[in-house]
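Engineer: Got a structure for you, questions after.
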Amino acid sequence: MTLTMAWSSRPGPNCANVSPLEHRDHIHSYGPVIMNKPHVSIGLVNPKTPVNVDGIMRASGCYRVDSVFYTGRRYELAAKSGEAQYQVDTKAAAKRIPLTGVNCLLEHMPANAKLICVDLVEGATPLPEFEHPQNAFYVFGPEDGTIGQQLIDRADAVVYVPTVGCMNLAASVNVLLYDRLAKSSQMIAGDALIRQSRDNNNRVRVKPQRA
Ligand SMILES: C[S@@+](CC[C@H](N)C(=O)[O-])C[C@H]1O[C@@H](n2cnc3c(N)ncnc32)[C@H](O)[C@@H]1O
């Protein structure tokens, strides 16, 4: 697991210095935001479980996310504590995708991205009805909490998955990214991708239908 820690010393943890109308002036360009190439970043509010962050890194590799940011110290402390954790990111996506600890997610909005908060929030749009923006910064809440009202108020959209009860954090990231993929006009599918994506020991195939 690769941990990149980049604690900004500027604004406080609640983004106190970033006013609602200003937050787009604080955008950073993490990696080149190439014209026409959709840019997807994920923001995690104070996650606590390495197994979840690991799962989110794996999902980020599968769905071609460009970068992941998180706030808070809990993940970092738990990851360092050496407690037994399941290795979920077996594809080592965290070696390719930057995972960065920050004080304020709004300060790390990728250029031209829309802020999309994903949580069970009254008044939110059901994900099946949502049209994803080309460039998006999807923010998720912690395992034991919710995205704060301050961030919700600044979002371009707030979406939820109409589940019975809430999902696990990493599961919700997977569902969101799958929904984006399923609605994308640039989806590449087929046997070549299956061969490239599957495990080495997987040679199973669908039998051709008999006439
Ligand atoms: C375990 S949930 C935390 C509890 C959740 N905030 C609630 O009010 O029930 C962790 C995070 O997963 C995401 N999540 C879980 N279920 C979701 C759902 N049905 N729709 C949207 N986001 C969900 C949210 O980002 C949430 O903050």
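Ligands are numbered from 1 in the order shown, residues from 1 within each chain, and chains are lettered A, B, ... in the order they appear in the structure tokens.
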Which polymer residues have any atom within 10 Å of an atom of A:Tyr138, counting only C-alpha atoms, with same-chain residues fewer than 2 positions away left out, as a list of chain:residue names?
Structural biologist: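 Neighbouring residues, sequence-local ones excluded: A:Val40, A:Ser41, A:Ile42, A:Gly43, A:Leu44, A:Val68, A:Met109, A:Ala113, A:Lys114, A:Leu115, A:Ile116, A:Cys117, A:Val118, A:Asn135, A:Ala136, A:Phe140, A:Ala155, A:Ala157, A:Val158, A:Val159, A:Val173, A:Leu176, A:Leu177.
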Engineer: List as a ChimeraX atom specification the protein and nucleic acid residues lying within 10 Å of ligand 1, with only C-alpha atoms and all ligand atoms counted.
Structural biologist: /A:43-45,47,52,117-122,124-127,138-148,158-173,175-176
Engineer: Could you find all residues in stretch 14-201 of chain A that DSSP calls strand (DSSP E or B) from the backbone, and write them as a PyMOL selection string?
Structural biologist: chain A and resi 28+40-44+67-70+99-101+110+114-118+125-126+136-140+157-160
Engineer: Enter the distance from atom CA of A:Arg205 to atom CA of A:Tyr63, in Å, rounded to one decimal.
Structural biologist: 23.3 Å
Engineer: Can you check which residues of stretch 48-183 of chain A DSSP gives as helix (DSSP H, G or I) on the backbone and send them as a PyMOL selection string?
Structural biologist: chain A and resi 50-62+74-80+93-95+105-108+127-129+149-154+169-183
Engineer: Quick one: distance from atom CA of A:Lys183 to atom CA of A:Arg198 in Å, one decimal?
Structural biologist: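 Going from atom CA of A:Lys183 over to atom CA of A:Arg198 covers 22.8 Å.
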Engineer: Report, in Å with one decimal, the straight-line distance from atom CA of A:Asn174 to atom CA of A:Met57.
Structural biologist: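 Between atom CA of A:Asn174 and atom CA of A:Met57 the gap is 10.2 Å.
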